[in-house]
file start05.cif (mmCIF, C-alpha atoms)
data_coords
loop_
_atom_site.label_atom_id
_atom_site.label_comp_id
_atom_site.auth_asym_id
_atom_site.auth_seq_id
_atom_site.Cartn_x
_atom_site.Cartn_y
_atom_site.Cartn_z
CA MET A 1 5.33 -3.86 -17.54
CA PRO A 2 2.56 -5.06 -19.89
CA ILE A 3 2.25 -3.04 -23.07
CA LEU A 4 -1.10 -2.37 -24.70
CA ILE A 5 -0.93 -2.52 -28.51
CA ILE A 6 -3.71 -1.32 -30.80
CA SER A 7 -2.88 -1.86 -34.45
CA HIS A 8 -3.69 0.65 -37.19
CA SER A 9 -5.67 -1.99 -39.09
CA LEU A 10 -7.83 -2.71 -36.04
CA ILE A 11 -8.72 0.98 -35.73
CA ASN A 12 -9.67 1.17 -39.42
CA GLU A 13 -11.99 -1.83 -38.95
CA LEU A 14 -13.96 0.06 -36.29
CA PRO A 15 -15.42 3.05 -38.17
CA CYS A 16 -18.17 3.58 -35.61
CA ILE A 17 -15.66 4.32 -32.85
CA LYS A 18 -13.65 7.50 -32.93
CA LYS A 19 -9.91 7.03 -32.89
CA THR A 20 -9.70 9.52 -30.02
CA ASN A 21 -11.97 7.33 -27.91
CA ILE A 22 -9.81 4.28 -28.61
CA PHE A 23 -6.74 6.21 -27.55
CA LEU A 24 -8.43 7.25 -24.30
CA VAL A 25 -9.51 3.67 -23.59
CA ALA A 26 -5.95 2.52 -24.21
CA ILE A 27 -4.61 5.07 -21.73
CA LEU A 28 -7.18 4.08 -19.09
CA VAL A 29 -6.43 0.38 -19.49
CA LEU A 30 -2.74 1.13 -19.22
CA PHE A 31 -3.40 2.89 -15.92
CA LEU A 32 -5.25 -0.20 -14.73
CA LEU A 33 -2.30 -2.38 -15.65
CA VAL A 34 0.07 -0.06 -13.83
CA GLY A 35 -2.24 -0.09 -10.84
CA THR A 36 -1.87 -3.85 -10.49
CA ALA A 37 1.92 -3.84 -10.61
CA GLN A 38 3.62 -5.45 -7.61
CA ALA A 39 6.78 -4.55 -5.77
CA GLN A 40 9.44 -7.13 -6.55
CA SER A 41 11.51 -6.69 -3.39
CA ASN A 42 11.20 -6.27 0.35
CA ASP A 43 11.33 -2.48 -0.06
CA LEU A 44 8.32 -0.27 -0.55
CA PRO A 45 6.99 -0.02 -4.11
CA ASP A 46 7.98 2.91 -6.28
CA PRO A 47 5.39 5.61 -5.42
CA ALA A 48 5.40 6.85 -9.04
CA MET A 49 2.70 9.54 -9.26
CA LEU A 50 2.25 11.45 -5.99
CA PRO A 51 -0.82 13.17 -4.51
CA ASP A 52 0.64 16.56 -5.41
CA SER A 53 0.16 15.76 -9.11
CA HIS A 54 -2.84 17.18 -10.98
CA PHE A 55 -3.34 13.73 -12.53
CA TYR A 56 -3.30 11.79 -9.26
CA PHE A 57 -7.07 11.31 -9.51
CA MET A 58 -6.42 8.93 -12.42
CA LYS A 59 -4.17 6.79 -10.22
CA SER A 60 -6.80 6.77 -7.46
CA TRP A 61 -9.51 5.87 -9.97
CA SER A 62 -7.56 2.98 -11.46
CA GLU A 63 -6.73 1.62 -8.00
CA SER A 64 -10.39 1.82 -6.99
CA VAL A 65 -11.44 -0.10 -10.10
CA VAL A 66 -8.88 -2.86 -9.46
CA THR A 67 -9.96 -3.06 -5.81
CA PHE A 68 -13.63 -3.27 -6.81
CA PHE A 69 -12.91 -6.21 -9.10
CA THR A 70 -10.81 -8.03 -6.50
CA PHE A 71 -13.13 -10.72 -5.16
CA GLY A 72 -12.91 -12.78 -1.99
CA ASP A 73 -11.99 -11.63 1.50
CA VAL A 74 -8.47 -13.09 1.43
CA LEU A 75 -7.60 -11.48 -1.93
CA LYS A 76 -9.22 -8.25 -0.78
CA ALA A 77 -7.09 -8.26 2.38
CA ASP A 78 -3.97 -8.80 0.29
CA ARG A 79 -5.03 -5.95 -1.99
CA PHE A 80 -5.36 -3.57 0.96
CA VAL A 81 -1.89 -4.56 2.17
CA GLN A 82 -0.55 -3.58 -1.26
CA LEU A 83 -2.40 -0.26 -1.13
CA SER A 84 -1.12 0.49 2.37
CA GLU A 85 2.43 0.04 1.09
CA LYS A 86 1.77 2.38 -1.83
CA ARG A 87 0.37 5.07 0.46
CA LEU A 88 3.35 4.75 2.79
CA ALA A 89 5.76 5.03 -0.14
CA GLU A 90 3.94 8.18 -1.25
CA ALA A 91 4.04 9.65 2.26
CA GLU A 92 7.76 9.00 2.50
CA ALA A 93 8.35 10.72 -0.88
CA LEU A 94 6.14 13.68 0.09
CA ALA A 95 8.01 14.14 3.38
CA ALA A 96 11.29 14.12 1.46
CA LYS A 97 9.88 16.82 -0.87
CA GLY A 98 9.04 19.00 2.11
CA LYS A 99 5.26 18.59 1.87
CA PRO A 100 4.28 17.52 5.42
CA ASP A 101 0.57 18.35 5.09
CA LEU A 102 0.12 16.04 2.11
CA ALA A 103 2.33 13.45 3.79
CA GLU A 104 0.10 13.56 6.87
CA GLN A 105 -3.05 13.08 4.77
CA THR A 106 -1.44 10.16 2.94
CA ILE A 107 -0.39 8.58 6.24
CA SER A 108 -4.06 8.68 7.27
CA ARG A 109 -4.97 6.80 4.08
CA TYR A 110 -2.21 4.31 4.88
CA GLN A 111 -3.89 3.59 8.22
CA ASP A 112 -7.28 3.16 6.55
CA ASN A 113 -5.89 0.56 4.14
CA LEU A 114 -4.09 -1.30 6.92
CA GLU A 115 -7.29 -1.44 8.97
CA ASN A 116 -9.23 -2.62 5.91
CA ALA A 117 -6.67 -5.40 5.36
CA LEU A 118 -7.05 -6.65 8.94
CA GLU A 119 -10.84 -6.38 8.76
CA LYS A 120 -11.06 -8.42 5.54
CA ALA A 121 -8.63 -11.01 6.92
CA ASP A 122 -10.75 -11.34 10.07
CA GLU A 123 -13.88 -11.81 7.96
CA ALA A 124 -12.14 -14.50 5.94
CA LYS A 125 -10.96 -16.29 9.07
CA ALA A 126 -14.49 -16.20 10.50
CA LYS A 127 -15.67 -17.98 7.34
CA GLY A 128 -13.10 -20.73 7.84
CA LYS A 129 -10.68 -19.52 5.17
CA ASP A 130 -6.94 -20.01 5.49
CA THR A 131 -5.56 -16.56 6.27
CA ASP A 132 -2.06 -17.54 7.41
CA GLU A 133 -0.38 -16.32 4.23
CA VAL A 134 -2.03 -12.90 4.13
CA MET A 135 -1.58 -12.42 7.89
CA ALA A 136 2.10 -13.28 7.46
CA LYS A 137 2.30 -10.50 4.86
CA VAL A 138 0.66 -8.08 7.29
CA ALA A 139 3.02 -9.10 10.10
CA GLU A 140 6.13 -8.63 7.98
CA ALA A 141 4.88 -5.49 6.24
CA THR A 142 3.88 -3.67 9.44
CA LEU A 143 7.34 -4.11 10.95
CA LYS A 144 8.82 -2.66 7.78
CA HIS A 145 6.30 0.16 7.98
CA ILE A 146 7.34 1.08 11.52
CA ALA A 147 10.93 1.50 10.36
CA VAL A 148 9.82 3.67 7.41
CA LEU A 149 7.53 5.76 9.61
CA ALA A 150 10.44 6.38 11.99
CA ASP A 151 12.34 7.87 9.03
CA VAL A 152 9.34 9.99 8.01
CA TYR A 153 8.92 11.17 11.61
CA GLU A 154 12.32 12.83 11.50
CA LYS A 155 11.55 14.62 8.21
CA VAL A 156 8.28 16.32 9.15
CA PRO A 157 7.73 19.41 11.32
CA GLU A 158 6.45 19.16 14.88
CA GLN A 159 2.77 19.63 13.99
CA ALA A 160 2.81 16.55 11.75
CA LYS A 161 4.62 14.23 14.15
CA GLN A 162 1.48 13.25 16.08
CA ALA A 163 -0.06 11.73 12.94
CA ILE A 164 3.10 9.70 12.37
CA GLU A 165 3.02 8.49 15.97
CA ARG A 166 -0.58 7.32 15.52
CA ALA A 167 0.40 5.49 12.35
CA MET A 168 3.29 3.79 14.14
CA GLN A 169 0.95 2.65 16.90
CA ALA A 170 -1.50 1.36 14.28
CA SER A 171 1.31 -0.57 12.59
CA LYS A 172 2.39 -2.04 15.92
CA ARG A 173 -1.18 -3.15 16.69
CA GLY A 174 -1.54 -4.55 13.19
CA ASN A 175 1.65 -6.53 13.61
CA GLU A 176 0.49 -7.99 16.92
CA GLU A 177 -3.00 -8.82 15.62
CA ALA A 178 -1.58 -10.48 12.51
CA LEU A 179 0.85 -12.63 14.49
CA GLN A 180 -1.88 -13.72 16.89
CA ALA A 181 -4.16 -14.68 14.00
CA ILE A 182 -1.56 -16.97 12.41
CA SER A 183 -1.79 -20.64 13.41
CA GLY A 184 0.75 -21.87 15.98
CA GLN A 185 3.31 -23.65 13.80
CA LYS A 186 3.15 -21.05 11.03
CA ARG A 187 3.47 -18.27 13.61
CA ASP A 188 6.79 -19.67 14.83
CA GLU A 189 8.10 -19.83 11.27
CA ILE A 190 7.02 -16.25 10.57
CA LYS A 191 8.59 -14.97 13.79
CA GLN A 192 11.92 -16.41 12.71
CA GLU A 193 11.61 -14.88 9.24
CA ILE A 194 10.89 -11.36 10.54
CA ASP A 195 13.48 -11.22 13.32
CA GLN A 196 15.77 -9.13 11.15
CA ARG A 197 12.97 -6.72 10.29
CA LYS A 198 12.05 -6.45 13.98
CA GLN A 199 15.64 -5.61 14.85
CA GLU A 200 15.71 -2.88 12.20
CA ALA A 201 12.45 -1.35 13.45
CA GLY A 202 13.59 -1.60 17.07
CA THR A 203 16.86 0.19 16.31
CA LYS A 204 15.03 3.12 14.71
CA LEU A 205 12.49 3.33 17.52
CA ASN A 206 15.26 3.34 20.13
CA ALA A 207 16.96 6.15 18.22
CA LEU A 208 13.73 8.18 18.39
CA ARG A 209 13.38 7.49 22.11
CA ASN A 210 16.93 8.66 22.71
CA LYS A 211 15.99 11.93 20.99
CA GLY A 212 13.08 12.35 23.37
CA ALA A 213 10.33 11.29 20.95
#

call {"tool": "encode", "arguments": {"input": "start05.cif", "output": "structure tokens"}}
result
Amino acid sequence: MPILIISHSLINELPCIKKTNIFLVAILVLFLLVGTAQAQSNDLPDPAMLPDSHFYFMKSWSESVVTFFTFGDVLKADRFVQLSEKRLAEAEALAAKGKPDLAEQTISRYQDNLENALEKADEAKAKGKDTDEVMAKVAEATLKHIAVLADVYEKVPEQAKQAIERAMQASKRGNEEALQAISGQKRDEIKQEIDQRKQEAGTKLNALRNKGA
């Protein structure tokens, strides 16, 4: 993770700025840097701060700032894919903590980000931009999401299950839309790459069906 360093000599050279203000700026910038961190594996990113924290607003603020300064439809679509994964990771953690109401709200935000990703990708494609790469990310991510949502489904009480079902349907639609939007040759390559993920998601869905879900 990047580390922000403000030297003592630099602070002394800025007499017109209070040291407290510099400290606050440093903290805010650090939150921005954390907000841009990427997951380094095929798993969901570490949710870190959850919506049940009193300081979660700072995480939301830093994410909003990064999103605002992400320019271009393709990059914006990729950004919303990242945010959808963060919201899903948070929902999974909240369900594990026994907080289904917050998990349900976070699942709704997951859907919003996924829809925003598809919308921005569609806009980019309409402008003649190459969206194969970002659509490939959506296709692979949504299959992973279905498997995660199946796990969350089993952890929440009955009243929250309907929201999870809607999210699973949204992920399924997103996966289908993304695959259809990818050019022919690239689509075949992507289908081969995500076969394992599809098998994993299918196994979990079948398990839910067998339980009567």

call {"tool": "residues_around", "arguments": {"input": "start05.cif", "residues": "region 175-185 of chain A", "least_positions_apart": "5", "cutoff": "12 Å", "atoms": "all atoms listed in the file", "output": "PyMOL selection string"}}
result
chain A and resi 77+81+114-115+117-126+129-146+168-170+190-192+194+197-198+201

call {"tool": "atom_distance", "arguments": {"input": "start05.cif", "atom1": "CA of Ile107 (chain A)", "atom2": "CA of Ser64 (chain A)"}}
result
17.9 Å

call {"tool": "residues_around", "arguments": {"input": "start05.cif", "residues": "region 43-47 of chain A", "least_positions_apart": "2", "cutoff": "10 Å", "atoms": "all atoms listed in the file", "output": "CSV table (one decimal) with C-alpha atoms, keeping the file's coordinate frame"}}
result
chain,number,residue,atom,x,y,z
A,37,ALA,CA,1.9,-3.8,-10.6
A,38,GLN,CA,3.6,-5.4,-7.6
A,39,ALA,CA,6.8,-4.6,-5.8
A,40,GLN,CA,9.4,-7.1,-6.6
A,41,SER,CA,11.5,-6.7,-3.4
A,49,MET,CA,2.7,9.5,-9.3
A,50,LEU,CA,2.2,11.4,-6.0
A,51,PRO,CA,-0.8,13.2,-4.5
A,82,GLN,CA,-0.6,-3.6,-1.3
A,83,LEU,CA,-2.4,-0.3,-1.1
A,84,SER,CA,-1.1,0.5,2.4
A,85,GLU,CA,2.4,0.0,1.1
A,86,LYS,CA,1.8,2.4,-1.8
A,87,ARG,CA,0.4,5.1,0.5
A,88,LEU,CA,3.4,4.8,2.8
A,89,ALA,CA,5.8,5.0,-0.1
A,90,GLU,CA,3.9,8.2,-1.2
A,91,ALA,CA,4.0,9.6,2.3
A,92,GLU,CA,7.8,9.0,2.5
A,93,ALA,CA,8.4,10.7,-0.9
A,94,LEU,CA,6.1,13.7,0.1
A,141,ALA,CA,4.9,-5.5,6.2
A,144,LYS,CA,8.8,-2.7,7.8
A,145,HIS,CA,6.3,0.2,8.0
A,148,VAL,CA,9.8,3.7,7.4

call {"tool": "resolve_selection", "arguments": {"input": "start05.cif", "expression": "the PyMOL selection byres ((chain A and resi 95) around 10)", "output": "list in words"}}
result
Glu90, Ala91, Glu92, Ala93, Leu94, Ala96, Lys97, Gly98, Lys99, Pro100, Asp101, Leu102, Ala103, Glu104, Asp151, Val152, Tyr153, Glu154, Lys155, Val156 and Pro157 of chain A

call {"tool": "atom_distance", "arguments": {"input": "start05.cif", "atom1": "CA of Ala147 (chain A)", "atom2": "CA of Ser62 (chain A)"}}
result
28.6 Å

call {"tool": "atom_distance", "arguments": {"input": "start05.cif", "atom1": "CA of Lys59 (chain A)", "atom2": "CA of Ser171 (chain A)"}}
result
24.6 Å

call {"tool": "closest_residue", "arguments": {"input": "start05.cif", "among": "A:Thr70, A:Asn116, A:Ser53, A:Gln111", "to": "Ala167 (chain A)", "atoms": "only C-alpha atoms"}}
result
A:Gln111

call {"tool": "build_atoms", "arguments": {"input": "start05.cif", "residues": "region 128-139 of chain A", "atoms": "all heavy atoms", "output": "PDB file, keeping the file's coordinate frame"}}
result
ATOM      1  N   GLY A 128     -13.867 -19.490   7.926  1.00  0.00           N
ATOM      2  CA  GLY A 128     -13.100 -20.730   7.840  1.00  0.00           C
ATOM      3  C   GLY A 128     -12.035 -20.737   6.762  1.00  0.00           C
ATOM      4  O   GLY A 128     -11.490 -21.803   6.443  1.00  0.00           O
ATOM      5  N   LYS A 129     -11.710 -19.590   6.207  1.00  0.00           N
ATOM      6  CA  LYS A 129     -10.680 -19.520   5.170  1.00  0.00           C
ATOM      7  C   LYS A 129      -9.287 -19.536   5.800  1.00  0.00           C
ATOM      8  O   LYS A 129      -9.098 -19.123   6.942  1.00  0.00           O
ATOM      9  CB  LYS A 129     -10.838 -18.238   4.345  1.00  0.00           C
ATOM     10  CG  LYS A 129     -12.210 -18.056   3.696  1.00  0.00           C
ATOM     11  CD  LYS A 129     -12.436 -19.035   2.579  1.00  0.00           C
ATOM     12  CE  LYS A 129     -13.762 -18.763   1.865  1.00  0.00           C
ATOM     13  NZ  LYS A 129     -14.012 -19.747   0.782  1.00  0.00           N
ATOM     14  N   ASP A 130      -8.321 -20.002   5.035  1.00  0.00           N
ATOM     15  CA  ASP A 130      -6.940 -20.010   5.490  1.00  0.00           C
ATOM     16  C   ASP A 130      -6.351 -18.616   5.271  1.00  0.00           C
ATOM     17  O   ASP A 130      -6.169 -18.179   4.135  1.00  0.00           O
ATOM     18  CB  ASP A 130      -6.133 -21.052   4.706  1.00  0.00           C
ATOM     19  CG  ASP A 130      -4.685 -21.154   5.174  1.00  0.00           C
ATOM     20  OD1 ASP A 130      -4.297 -20.397   6.094  1.00  0.00           O
ATOM     21  OD2 ASP A 130      -3.940 -21.979   4.622  1.00  0.00           O
ATOM     22  N   THR A 131      -6.066 -17.930   6.364  1.00  0.00           N
ATOM     23  CA  THR A 131      -5.560 -16.560   6.270  1.00  0.00           C
ATOM     24  C   THR A 131      -4.101 -16.448   6.704  1.00  0.00           C
ATOM     25  O   THR A 131      -3.581 -15.341   6.848  1.00  0.00           O
ATOM     26  CB  THR A 131      -6.411 -15.612   7.151  1.00  0.00           C
ATOM     27  OG1 THR A 131      -6.343 -16.056   8.521  1.00  0.00           O
ATOM     28  CG2 THR A 131      -7.855 -15.594   6.692  1.00  0.00           C
ATOM     29  N   ASP A 132      -3.449 -17.579   6.919  1.00  0.00           N
ATOM     30  CA  ASP A 132      -2.060 -17.540   7.410  1.00  0.00           C
ATOM     31  C   ASP A 132      -1.144 -16.741   6.482  1.00  0.00           C
ATOM     32  O   ASP A 132      -0.317 -15.940   6.937  1.00  0.00           O
ATOM     33  CB  ASP A 132      -1.511 -18.961   7.584  1.00  0.00           C
ATOM     34  CG  ASP A 132      -1.962 -19.587   8.894  1.00  0.00           C
ATOM     35  OD1 ASP A 132      -2.628 -18.897   9.681  1.00  0.00           O
ATOM     36  OD2 ASP A 132      -1.656 -20.775   9.124  1.00  0.00           O
ATOM     37  N   GLU A 133      -1.292 -16.964   5.186  1.00  0.00           N
ATOM     38  CA  GLU A 133      -0.380 -16.320   4.230  1.00  0.00           C
ATOM     39  C   GLU A 133      -0.560 -14.805   4.226  1.00  0.00           C
ATOM     40  O   GLU A 133       0.419 -14.050   4.275  1.00  0.00           O
ATOM     41  CB  GLU A 133      -0.606 -16.874   2.828  1.00  0.00           C
ATOM     42  CG  GLU A 133       0.387 -16.339   1.811  1.00  0.00           C
ATOM     43  CD  GLU A 133       0.237 -16.979   0.436  1.00  0.00           C
ATOM     44  OE1 GLU A 133      -0.451 -18.017   0.337  1.00  0.00           O
ATOM     45  OE2 GLU A 133       0.803 -16.434  -0.528  1.00  0.00           O
ATOM     46  N   VAL A 134      -1.812 -14.343   4.182  1.00  0.00           N
ATOM     47  CA  VAL A 134      -2.030 -12.900   4.130  1.00  0.00           C
ATOM     48  C   VAL A 134      -1.682 -12.258   5.469  1.00  0.00           C
ATOM     49  O   VAL A 134      -1.147 -11.138   5.519  1.00  0.00           O
ATOM     50  CB  VAL A 134      -3.489 -12.576   3.713  1.00  0.00           C
ATOM     51  CG1 VAL A 134      -4.495 -12.947   4.794  1.00  0.00           C
ATOM     52  CG2 VAL A 134      -3.619 -11.093   3.361  1.00  0.00           C
ATOM     53  N   MET A 135      -1.941 -12.961   6.577  1.00  0.00           N
ATOM     54  CA  MET A 135      -1.580 -12.420   7.890  1.00  0.00           C
ATOM     55  C   MET A 135      -0.058 -12.363   8.044  1.00  0.00           C
ATOM     56  O   MET A 135       0.474 -11.463   8.698  1.00  0.00           O
ATOM     57  CB  MET A 135      -2.203 -13.258   8.999  1.00  0.00           C
ATOM     58  CG  MET A 135      -3.677 -12.984   9.236  1.00  0.00           C
ATOM     59  SD  MET A 135      -3.994 -11.235   9.658  1.00  0.00           S
ATOM     60  CE  MET A 135      -5.675 -11.339  10.258  1.00  0.00           C
ATOM     61  N   ALA A 136       0.628 -13.316   7.446  1.00  0.00           N
ATOM     62  CA  ALA A 136       2.100 -13.280   7.460  1.00  0.00           C
ATOM     63  C   ALA A 136       2.597 -12.045   6.719  1.00  0.00           C
ATOM     64  O   ALA A 136       3.562 -11.397   7.140  1.00  0.00           O
ATOM     65  CB  ALA A 136       2.664 -14.554   6.830  1.00  0.00           C
ATOM     66  N   LYS A 137       1.929 -11.710   5.606  1.00  0.00           N
ATOM     67  CA  LYS A 137       2.300 -10.500   4.860  1.00  0.00           C
ATOM     68  C   LYS A 137       2.079  -9.252   5.709  1.00  0.00           C
ATOM     69  O   LYS A 137       2.900  -8.332   5.705  1.00  0.00           O
ATOM     70  CB  LYS A 137       1.476 -10.402   3.572  1.00  0.00           C
ATOM     71  CG  LYS A 137       1.884 -11.382   2.488  1.00  0.00           C
ATOM     72  CD  LYS A 137       1.083 -11.131   1.220  1.00  0.00           C
ATOM     73  CE  LYS A 137       1.489 -12.104   0.119  1.00  0.00           C
ATOM     74  NZ  LYS A 137       0.716 -11.867  -1.131  1.00  0.00           N
ATOM     75  N   VAL A 138       0.953  -9.231   6.433  1.00  0.00           N
ATOM     76  CA  VAL A 138       0.660  -8.080   7.290  1.00  0.00           C
ATOM     77  C   VAL A 138       1.704  -7.964   8.393  1.00  0.00           C
ATOM     78  O   VAL A 138       2.215  -6.873   8.682  1.00  0.00           O
ATOM     79  CB  VAL A 138      -0.748  -8.197   7.911  1.00  0.00           C
ATOM     80  CG1 VAL A 138      -0.979  -7.074   8.912  1.00  0.00           C
ATOM     81  CG2 VAL A 138      -1.821  -8.159   6.830  1.00  0.00           C
ATOM     82  N   ALA A 139       2.055  -9.105   9.000  1.00  0.00           N
ATOM     83  CA  ALA A 139       3.020  -9.100  10.100  1.00  0.00           C
ATOM     84  C   ALA A 139       4.382  -8.586   9.639  1.00  0.00           C
ATOM     85  O   ALA A 139       5.003  -7.749  10.305  1.00  0.00           O
ATOM     86  CB  ALA A 139       3.158 -10.508  10.678  1.00  0.00           C
TER      87      ALA A 139
END
